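Please read the structure below before turning to the comments.
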Amino acid sequence: MKRKKLVAGNWKMNLEIAEAIKLATGVKDARANFKCDVALIPSFVYIAEVKHIIYATGIHLGAQDVSTHENGAYTGEVSATQLKSAGVEYIIIGHSERREHFGENHGVLKQKMEIALKHGLKPIFCCGEPLQVREEGKHKEYVQKQLEESLFNLSAKDFANITIAYEPIWAIGTGLTASAEQAQEMHAFIRGLLVPKHPIALQTRIIYGGSCNAANAKELFACADVDGGLVGGASLKSKDFLAIIEAAG
Ligand code: PGA
């Protein structure tokens, strides 16, 4: 079975409400042309508004984080059940910015994967190496460890519900992109780690992130194991984001 591509816009901590509404509306208005799955991943505070705009359009909604706790006295946290009840489907887990700035380690990410899956959310699990590791030629070991520590406990059923995003840290927000060859090599490597454990991982989407834009998306998405993109900066303007969606067609 062919994997349907996913293009997900990670808005990060950007946009004010009027801009968020305009962007979501711009994407919604172009939906008749979409041939791939499309997800919008705004800040928590805009989730309800974006849900309202894309309701019943087939465009998917995501969130950028989830609490490790079920519910209760955890000021500032947002739970998996809250997100689910607000219409969220995808959830980014393990983004390098959260690993770096918020100290999220393998163990925390493992917990986030488990709680998201338990409540029927679909994690987009991010992995990827920093520049120094790439330069030392240790990127495969590095990514393998990220997957082993946070994902290898999951069941075959879980693997049917997750997406993996390979995001080399040196390419995120830098304008440097992994070449199509580098991306394909890593995506095939990741798939090669997962499939022997769970053959269903042949169906797991592995998307690329890191300065993905309208100019490079087509070449990246043409790679056999690149099943779409997790797009940051270029997802903030509907024209750019729509061009990337088209490249996935
Ligand atoms: P970028 O971000 O497209 O701005 O490089 C990608 C990401 O961090 O998901």
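Quick note on naming: the chains in the structure tokens go A, B, ... in the order shown, residues restart at 1 in each chain, and ligands are numbered from 1 in order of appearance.
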Within 10 Å of ligand 1, counting only C-alpha atoms and all ligand atoms, residues as a VMD selection string = chain A and resid 8 to 12 64 92 95 to 97 126 165 to 177 208 to 213 229 to 236
Hey, can you spit out that residue selection with N, CA, C and O atoms as a compact mmCIF listing (two decimals), in the first residue's frame?
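New file result35.txt:
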# COMPACT_ATOMS: atom_id res chain seq x y z
N ALA A 8 2.68 19.03 7.24
CA ALA A 8 2.19 19.61 8.49
C ALA A 8 2.91 20.93 8.74
O ALA A 8 4.13 21.01 8.66
N GLY A 9 2.12 21.95 9.04
CA GLY A 9 2.69 23.27 9.32
C GLY A 9 2.82 23.48 10.82
O GLY A 9 1.82 23.57 11.54
N ASN A 10 4.07 23.55 11.28
CA ASN A 10 4.35 23.79 12.70
C ASN A 10 4.55 25.30 12.87
O ASN A 10 5.61 25.82 12.53
N TRP A 11 3.53 25.95 13.37
CA TRP A 11 3.58 27.42 13.46
C TRP A 11 4.48 27.89 14.61
O TRP A 11 4.75 29.07 14.73
N LYS A 12 4.90 26.97 15.46
CA LYS A 12 5.73 27.31 16.64
C LYS A 12 5.07 28.45 17.43
O LYS A 12 3.85 28.57 17.44
N GLN A 64 1.41 21.32 19.51
CA GLN A 64 2.87 21.29 19.52
C GLN A 64 3.48 20.57 20.71
O GLN A 64 4.70 20.37 20.77
N ILE A 92 2.90 16.98 18.12
CA ILE A 92 4.36 16.94 17.94
C ILE A 92 5.01 16.55 19.27
O ILE A 92 4.71 17.15 20.30
N HIS A 95 10.24 17.54 19.59
CA HIS A 95 10.87 18.53 18.71
C HIS A 95 12.20 18.96 19.33
O HIS A 95 12.31 19.10 20.55
N SER A 96 13.18 19.20 18.50
CA SER A 96 14.53 19.54 19.02
C SER A 96 14.50 20.80 19.87
O SER A 96 15.31 20.95 20.79
N GLU A 97 13.56 21.71 19.58
CA GLU A 97 13.48 22.93 20.40
C GLU A 97 13.01 22.61 21.81
O GLU A 97 13.43 23.23 22.78
N CYS A 126 9.68 13.58 16.61
CA CYS A 126 10.81 14.21 15.93
C CYS A 126 12.14 13.64 16.40
O CYS A 126 12.34 13.42 17.60
N ALA A 165 9.23 12.31 12.24
CA ALA A 165 9.78 13.44 11.49
C ALA A 165 11.29 13.43 11.67
O ALA A 165 11.77 13.54 12.81
N TYR A 166 12.01 13.24 10.58
CA TYR A 166 13.47 13.37 10.65
C TYR A 166 13.81 14.84 10.41
O TYR A 166 13.55 15.38 9.33
N GLU A 167 14.35 15.47 11.46
CA GLU A 167 14.67 16.90 11.37
C GLU A 167 16.11 17.14 11.83
O GLU A 167 16.36 17.30 13.04
N PRO A 168 17.05 17.13 10.91
CA PRO A 168 18.42 17.42 11.32
C PRO A 168 18.47 18.83 11.92
O PRO A 168 17.99 19.78 11.30
N ILE A 169 19.03 18.95 13.11
CA ILE A 169 18.94 20.23 13.84
C ILE A 169 19.65 21.34 13.07
O ILE A 169 19.20 22.49 13.08
N TRP A 170 20.71 21.00 12.38
CA TRP A 170 21.46 22.00 11.62
C TRP A 170 20.65 22.57 10.45
O TRP A 170 21.03 23.57 9.86
N ALA A 171 19.53 21.94 10.14
CA ALA A 171 18.70 22.44 9.03
C ALA A 171 17.47 23.21 9.52
O ALA A 171 16.78 23.84 8.71
N ILE A 172 17.20 23.18 10.82
CA ILE A 172 15.97 23.79 11.31
C ILE A 172 16.12 25.30 11.44
O ILE A 172 16.96 25.79 12.19
N GLY A 173 15.34 26.02 10.66
CA GLY A 173 15.31 27.48 10.74
C GLY A 173 16.60 28.13 10.27
O GLY A 173 16.80 29.33 10.47
N THR A 174 17.47 27.38 9.62
CA THR A 174 18.78 27.92 9.24
C THR A 174 18.87 28.25 7.76
O THR A 174 19.82 28.89 7.33
N GLY A 175 17.92 27.76 6.99
CA GLY A 175 18.01 27.93 5.54
C GLY A 175 18.88 26.84 4.90
O GLY A 175 18.92 26.70 3.70
N LEU A 176 19.55 26.04 5.73
CA LEU A 176 20.30 24.89 5.21
C LEU A 176 19.34 23.71 5.17
O LEU A 176 18.65 23.45 6.14
N THR A 177 19.30 23.02 4.07
CA THR A 177 18.41 21.86 3.99
C THR A 177 19.26 20.62 3.78
O THR A 177 20.29 20.70 3.11
N TYR A 208 10.04 14.76 6.47
CA TYR A 208 11.29 15.52 6.63
C TYR A 208 11.00 16.92 7.16
O TYR A 208 10.02 17.57 6.74
N GLY A 209 11.86 17.42 8.04
CA GLY A 209 11.75 18.80 8.49
C GLY A 209 13.12 19.46 8.57
O GLY A 209 14.11 18.80 8.91
N GLY A 210 13.14 20.73 8.27
CA GLY A 210 14.40 21.49 8.32
C GLY A 210 14.54 22.34 7.08
O GLY A 210 15.01 21.86 6.06
N SER A 211 14.05 23.59 7.19
CA SER A 211 14.11 24.54 6.07
C SER A 211 13.49 23.98 4.79
O SER A 211 13.96 24.24 3.68
N CYS A 212 12.43 23.21 4.96
CA CYS A 212 11.67 22.73 3.81
C CYS A 212 10.93 23.94 3.23
O CYS A 212 10.30 24.71 3.97
N ASN A 213 11.01 24.14 1.93
CA ASN A 213 10.34 25.30 1.33
C ASN A 213 9.83 24.97 -0.06
O ASN A 213 10.01 23.84 -0.55
N GLY A 229 6.38 16.50 4.77
CA GLY A 229 7.25 17.42 5.49
C GLY A 229 6.61 18.01 6.73
O GLY A 229 5.39 18.17 6.81
N LEU A 230 7.48 18.31 7.70
CA LEU A 230 7.08 19.10 8.87
C LEU A 230 7.73 20.47 8.62
O LEU A 230 8.95 20.60 8.60
N VAL A 231 6.88 21.45 8.41
CA VAL A 231 7.34 22.74 7.88
C VAL A 231 7.19 23.82 8.94
O VAL A 231 6.09 24.01 9.47
N GLY A 232 8.26 24.53 9.24
CA GLY A 232 8.19 25.61 10.21
C GLY A 232 7.99 26.94 9.52
O GLY A 232 6.88 27.32 9.14
N GLY A 233 9.09 27.65 9.30
CA GLY A 233 9.04 29.02 8.75
C GLY A 233 8.17 29.15 7.51
O GLY A 233 7.38 30.11 7.40
N ALA A 234 8.28 28.20 6.60
CA ALA A 234 7.54 28.32 5.34
C ALA A 234 6.06 27.95 5.48
O ALA A 234 5.31 28.03 4.51
N SER A 235 5.63 27.60 6.70
CA SER A 235 4.20 27.31 6.88
C SER A 235 3.45 28.56 7.36
O SER A 235 2.24 28.53 7.53
N LEU A 236 4.18 29.65 7.56
CA LEU A 236 3.55 30.84 8.15
C LEU A 236 2.95 31.77 7.10
O LEU A 236 2.29 32.75 7.45
Step one, run DSSP on the backbone; step two, keep only residues of range 64-108 of chain A assigned to alpha helix (DSSP H); then write them as a ChimeraX atom specification.
-> /A:80-85,96-101,106-108
I need the residues from that last selection saved to file as a PDB file, in the first residue's frame (with N, CA and C atoms), if you can.
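Once everything was written out, this is part_28.pdb:
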ATOM      1  N   ALA A  80      -3.547  15.404  27.213  1.00  0.00           N
ATOM      2  CA  ALA A  80      -3.952  14.683  25.998  1.00  0.00           C
ATOM      3  C   ALA A  80      -5.470  14.657  25.860  1.00  0.00           C
ATOM      4  N   THR A  81      -6.181  14.461  26.968  1.00  0.00           N
ATOM      5  CA  THR A  81      -7.647  14.409  26.866  1.00  0.00           C
ATOM      6  C   THR A  81      -8.228  15.776  26.505  1.00  0.00           C
ATOM      7  N   GLN A  82      -7.617  16.834  27.028  1.00  0.00           N
ATOM      8  CA  GLN A  82      -8.085  18.175  26.653  1.00  0.00           C
ATOM      9  C   GLN A  82      -7.887  18.407  25.159  1.00  0.00           C
ATOM     10  N   LEU A  83      -6.721  18.019  24.677  1.00  0.00           N
ATOM     11  CA  LEU A  83      -6.436  18.230  23.250  1.00  0.00           C
ATOM     12  C   LEU A  83      -7.393  17.406  22.388  1.00  0.00           C
ATOM     13  N   LYS A  84      -7.584  16.164  22.796  1.00  0.00           N
ATOM     14  CA  LYS A  84      -8.491  15.286  22.048  1.00  0.00           C
ATOM     15  C   LYS A  84      -9.900  15.902  22.011  1.00  0.00           C
ATOM     16  N   SER A  85     -10.335  16.396  23.154  1.00  0.00           N
ATOM     17  CA  SER A  85     -11.701  16.938  23.221  1.00  0.00           C
ATOM     18  C   SER A  85     -11.836  18.231  22.427  1.00  0.00           C
ATOM     19  N   SER A  96      13.184  19.202  18.504  1.00  0.00           N
ATOM     20  CA  SER A  96      14.525  19.537  19.024  1.00  0.00           C
ATOM     21  C   SER A  96      14.499  20.801  19.875  1.00  0.00           C
ATOM     22  N   GLU A  97      13.561  21.709  19.576  1.00  0.00           N
ATOM     23  CA  GLU A  97      13.484  22.933  20.396  1.00  0.00           C
ATOM     24  C   GLU A  97      13.009  22.608  21.809  1.00  0.00           C
ATOM     25  N   ARG A  98      12.150  21.634  21.946  1.00  0.00           N
ATOM     26  CA  ARG A  98      11.711  21.241  23.292  1.00  0.00           C
ATOM     27  C   ARG A  98      12.809  20.431  23.996  1.00  0.00           C
ATOM     28  N   ARG A  99      13.500  19.626  23.235  1.00  0.00           N
ATOM     29  CA  ARG A  99      14.615  18.875  23.848  1.00  0.00           C
ATOM     30  C   ARG A  99      15.663  19.864  24.349  1.00  0.00           C
ATOM     31  N   GLU A 100      15.972  20.886  23.530  1.00  0.00           N
ATOM     32  CA  GLU A 100      17.058  21.802  23.874  1.00  0.00           C
ATOM     33  C   GLU A 100      16.664  22.826  24.937  1.00  0.00           C
ATOM     34  N   HIS A 101      15.524  23.495  24.740  1.00  0.00           N
ATOM     35  CA  HIS A 101      15.181  24.614  25.630  1.00  0.00           C
ATOM     36  C   HIS A 101      14.378  24.200  26.861  1.00  0.00           C
ATOM     37  N   HIS A 106      14.846  11.585  26.776  1.00  0.00           N
ATOM     38  CA  HIS A 106      14.233  10.376  26.202  1.00  0.00           C
ATOM     39  C   HIS A 106      13.073   9.855  27.056  1.00  0.00           C
ATOM     40  N   GLY A 107      13.279   9.881  28.380  1.00  0.00           N
ATOM     41  CA  GLY A 107      12.268   9.311  29.278  1.00  0.00           C
ATOM     42  C   GLY A 107      10.968  10.116  29.241  1.00  0.00           C
ATOM     43  N   VAL A 108      11.084  11.432  29.259  1.00  0.00           N
ATOM     44  CA  VAL A 108       9.896  12.296  29.196  1.00  0.00           C
ATOM     45  C   VAL A 108       9.174  12.069  27.865  1.00  0.00           C
TER      46      VAL A 108
END
Apply DSSP to the backbone of this structure and, from range 26-131 of chain A, keep only the residues in strand (DSSP E); write these as a ChimeraX atom specification.
-> /A:37-41,60-63,90-93,122-127
For each of A:Ile59, A:Leu6, A:Ala201, A:Leu15, take the minimum atom-to-atom distance to Ile124 in chain A, counting only C-alpha atoms, then give the residue where this is smallest.
-> A:Leu6
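Here the question is which of A:Ile190, A:Val78, A:Leu242, A:Ala180 gets nearest to Thr25 in chain A using only C-alpha atoms, and that residue is A:Leu242.
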Kindly assemble as a tab-separated table a list of the range 178-233 of chain A residues that lie within 12 Å of range 34-37 of chain A, each paired with its nearest atom pair and their distance in Å to one decimal, using only C-alpha atoms, sorted first by chain and then by ascending residue number.
residue	atom	partner	partner_atom	distance
A:Arg205	CA	A:Asp37	CA	11.2
A:Ile207	CA	A:Asp37	CA	11.9
A:Phe221	CA	A:Cys36	CA	11.4
A:Asp227	CA	A:Cys36	CA	9.7
A:Gly228	CA	A:Cys36	CA	8.5
A:Gly229	CA	A:Asp37	CA	10.5
A:Leu230	CA	A:Asp37	CA	11.8
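Considering the residues A:Ala183, A:Leu151, A:Ala222, A:Ala24 and counting only C-alpha atoms, Lys197 in chain A has its shortest atom-to-atom contact with A:Leu151.
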Residue contacts of Thr57 in chain A (8 Å, only C-alpha atoms) excluding same-chain residues fewer than 2 positions away, as a PyMOL selection string | chain A and resi 28+31+54-55+59
Could you write out that same residue set with N, CA and C atoms as a compact mmCIF listing (two decimals), in the first residue's frame?
# COMPACT_ATOMS: atom_id res chain seq x y z
N LYS A 28 -7.48 26.73 4.14
CA LYS A 28 -8.80 26.10 3.95
C LYS A 28 -9.34 26.39 2.54
N ARG A 31 -8.27 24.02 -0.27
CA ARG A 31 -8.26 22.59 0.03
C ARG A 31 -8.71 21.70 -1.12
N ILE A 54 -11.39 25.10 10.12
CA ILE A 54 -11.15 23.94 9.25
C ILE A 54 -12.14 22.80 9.50
N TYR A 55 -13.12 23.05 10.33
CA TYR A 55 -14.10 22.01 10.68
C TYR A 55 -14.71 21.39 9.42
N ILE A 59 -9.01 19.00 6.54
CA ILE A 59 -7.70 19.47 7.01
C ILE A 59 -7.56 19.03 8.47
Can you list, as a VMD selection string, every protein, DNA or RNA residue that comes within 12 Å of Gly120 in chain A when you count only C-alpha atoms, leaving out same-chain residues fewer than 4 positions away?
-> chain A and resid 80 to 85 87 to 91 113 to 116 157 to 158 160 to 162
Would you export the selected residues with N, CA, C and O atoms as an mmCIF file, in the first residue's frame, please?
data_model
loop_
_atom_site.group_PDB
_atom_site.id
_atom_site.type_symbol
_atom_site.label_atom_id
_atom_site.label_comp_id
_atom_site.auth_asym_id
_atom_site.auth_seq_id
_atom_site.Cartn_x
_atom_site.Cartn_y
_atom_site.Cartn_z
ATOM 1 N N ALA A 80 -3.547 15.404 27.213
ATOM 2 C CA ALA A 80 -3.952 14.683 25.998
ATOM 3 C C ALA A 80 -5.470 14.657 25.860
ATOM 4 O O ALA A 80 -6.008 14.841 24.758
ATOM 5 N N THR A 81 -6.181 14.461 26.968
ATOM 6 C CA THR A 81 -7.647 14.409 26.866
ATOM 7 C C THR A 81 -8.228 15.776 26.505
ATOM 8 O O THR A 81 -9.199 15.866 25.758
ATOM 9 N N GLN A 82 -7.617 16.834 27.028
ATOM 10 C CA GLN A 82 -8.085 18.175 26.653
ATOM 11 C C GLN A 82 -7.887 18.407 25.159
ATOM 12 O O GLN A 82 -8.774 18.922 24.459
ATOM 13 N N LEU A 83 -6.721 18.019 24.677
ATOM 14 C CA LEU A 83 -6.436 18.230 23.250
ATOM 15 C C LEU A 83 -7.393 17.406 22.388
ATOM 16 O O LEU A 83 -7.951 17.898 21.411
ATOM 17 N N LYS A 84 -7.584 16.164 22.796
ATOM 18 C CA LYS A 84 -8.491 15.286 22.048
ATOM 19 C C LYS A 84 -9.900 15.902 22.011
ATOM 20 O O LYS A 84 -10.556 15.941 20.967
ATOM 21 N N SER A 85 -10.335 16.396 23.154
ATOM 22 C CA SER A 85 -11.701 16.938 23.221
ATOM 23 C C SER A 85 -11.836 18.231 22.427
ATOM 24 O O SER A 85 -12.937 18.615 22.041
ATOM 25 N N GLY A 87 -10.554 18.564 19.506
ATOM 26 C CA GLY A 87 -10.514 18.215 18.082
ATOM 27 C C GLY A 87 -9.114 18.049 17.518
ATOM 28 O O GLY A 87 -8.930 17.969 16.307
ATOM 29 N N VAL A 88 -8.127 17.961 18.397
ATOM 30 C CA VAL A 88 -6.748 17.760 17.932
ATOM 31 C C VAL A 88 -6.538 16.300 17.559
ATOM 32 O O VAL A 88 -7.027 15.396 18.237
ATOM 33 N N GLU A 89 -5.801 16.097 16.485
ATOM 34 C CA GLU A 89 -5.528 14.738 16.018
ATOM 35 C C GLU A 89 -4.027 14.414 16.139
ATOM 36 O O GLU A 89 -3.636 13.387 16.667
ATOM 37 N N TYR A 90 -3.196 15.311 15.628
ATOM 38 C CA TYR A 90 -1.743 15.087 15.662
ATOM 39 C C TYR A 90 -1.108 15.832 16.829
ATOM 40 O O TYR A 90 -1.611 16.874 17.270
ATOM 41 N N ILE A 91 0.026 15.314 17.275
ATOM 42 C CA ILE A 91 0.720 15.979 18.364
ATOM 43 C C ILE A 91 2.233 15.844 18.137
ATOM 44 O O ILE A 91 2.728 14.749 17.919
ATOM 45 N N MET A 113 4.774 10.003 24.435
ATOM 46 C CA MET A 113 4.292 9.100 23.378
ATOM 47 C C MET A 113 3.183 8.211 23.934
ATOM 48 O O MET A 113 2.130 8.032 23.317
ATOM 49 N N GLU A 114 3.426 7.670 25.108
ATOM 50 C CA GLU A 114 2.461 6.721 25.684
ATOM 51 C C GLU A 114 1.133 7.385 26.000
ATOM 52 O O GLU A 114 0.057 6.856 25.681
ATOM 53 N N ILE A 115 1.192 8.574 26.588
ATOM 54 C CA ILE A 115 -0.069 9.220 26.982
ATOM 55 C C ILE A 115 -0.834 9.698 25.751
ATOM 56 O O ILE A 115 -2.066 9.614 25.685
ATOM 57 N N ALA A 116 -0.112 10.162 24.738
ATOM 58 C CA ALA A 116 -0.779 10.608 23.508
ATOM 59 C C ALA A 116 -1.485 9.430 22.837
ATOM 60 O O ALA A 116 -2.664 9.518 22.466
ATOM 61 N N LYS A 157 0.442 -1.964 16.937
ATOM 62 C CA LYS A 157 -0.749 -1.120 16.757
ATOM 63 C C LYS A 157 -0.368 0.362 16.865
ATOM 64 O O LYS A 157 -0.829 1.203 16.099
ATOM 65 N N ASP A 158 0.512 0.656 17.824
ATOM 66 C CA ASP A 158 0.954 2.045 17.987
ATOM 67 C C ASP A 158 1.647 2.549 16.716
ATOM 68 O O ASP A 158 1.479 3.709 16.319
ATOM 69 N N ALA A 160 1.065 1.954 13.824
ATOM 70 C CA ALA A 160 0.108 2.327 12.785
ATOM 71 C C ALA A 160 -0.374 3.760 12.983
ATOM 72 O O ALA A 160 -0.934 4.363 12.079
ATOM 73 N N ASN A 161 -0.157 4.307 14.172
ATOM 74 C CA ASN A 161 -0.708 5.631 14.497
ATOM 75 C C ASN A 161 0.340 6.722 14.668
ATOM 76 O O ASN A 161 0.009 7.822 15.085
ATOM 77 N N ILE A 162 1.587 6.391 14.403
ATOM 78 C CA ILE A 162 2.595 7.435 14.580
ATOM 79 C C ILE A 162 3.182 7.869 13.234
ATOM 80 O O ILE A 162 3.127 7.145 12.244
#
Excluding Lys2 in chain A and residues on its chain fewer than 3 positions from it, collect all residues at most 10 Å away from it, counting only C-alpha atoms, and give them as a PDB file with C-alpha atoms, in the first residue's frame.
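The resulting file, result36.pdb, is reproduced below:
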ATOM      1  CA  LYS A   5       2.025  12.057   2.131  1.00  0.00           C
ATOM      2  CA  LEU A 202       6.346  -0.097   6.254  1.00  0.00           C
ATOM      3  CA  GLN A 203       3.200   2.024   6.457  1.00  0.00           C
ATOM      4  CA  ASP A 227       6.521  10.844   3.058  1.00  0.00           C
TER       5      ASP A 227
END
Compile the contact shell of Val50 in chain A as a list of chain:residue names: residues with an atom at most 8 Å away, counting only C-alpha atoms, same-chain residues fewer than 4 positions apart removed.
->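 Close residues of Val50 in chain A: A:Ala20, A:Ile21, A:Ala24, A:Pro42, A:Tyr46, A:Ile54, A:Leu61.
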Any chance you can output those residues with C-alpha atoms as a PDB file, in the first residue's frame?
ATOM      1  CA  ALA A  20      -3.601  32.833  12.604  1.00  0.00           C
ATOM      2  CA  ILE A  21      -7.192  33.189  11.371  1.00  0.00           C
ATOM      3  CA  ALA A  24      -5.897  28.983   8.448  1.00  0.00           C
ATOM      4  CA  PRO A  42      -0.886  26.260  15.899  1.00  0.00           C
ATOM      5  CA  TYR A  46      -5.476  29.199  18.716  1.00  0.00           C
ATOM      6  CA  ILE A  54     -11.150  23.937   9.246  1.00  0.00           C
ATOM      7  CA  LEU A  61      -5.388  19.775  13.402  1.00  0.00           C
TER       8      LEU A  61
END
May I ask which of the residues A:Ala32, A:Ala86, A:Ile206, A:Ala73 is the closest one to Ile47 in chain A, counting only C-alpha atoms?
-> A:Ala86
Would you please work out which residue, of A:Val226, A:Val133, A:Cys127, A:Ala248, is nearest to Glu185 in chain A when using only C-alpha atoms?
-> A:Val226
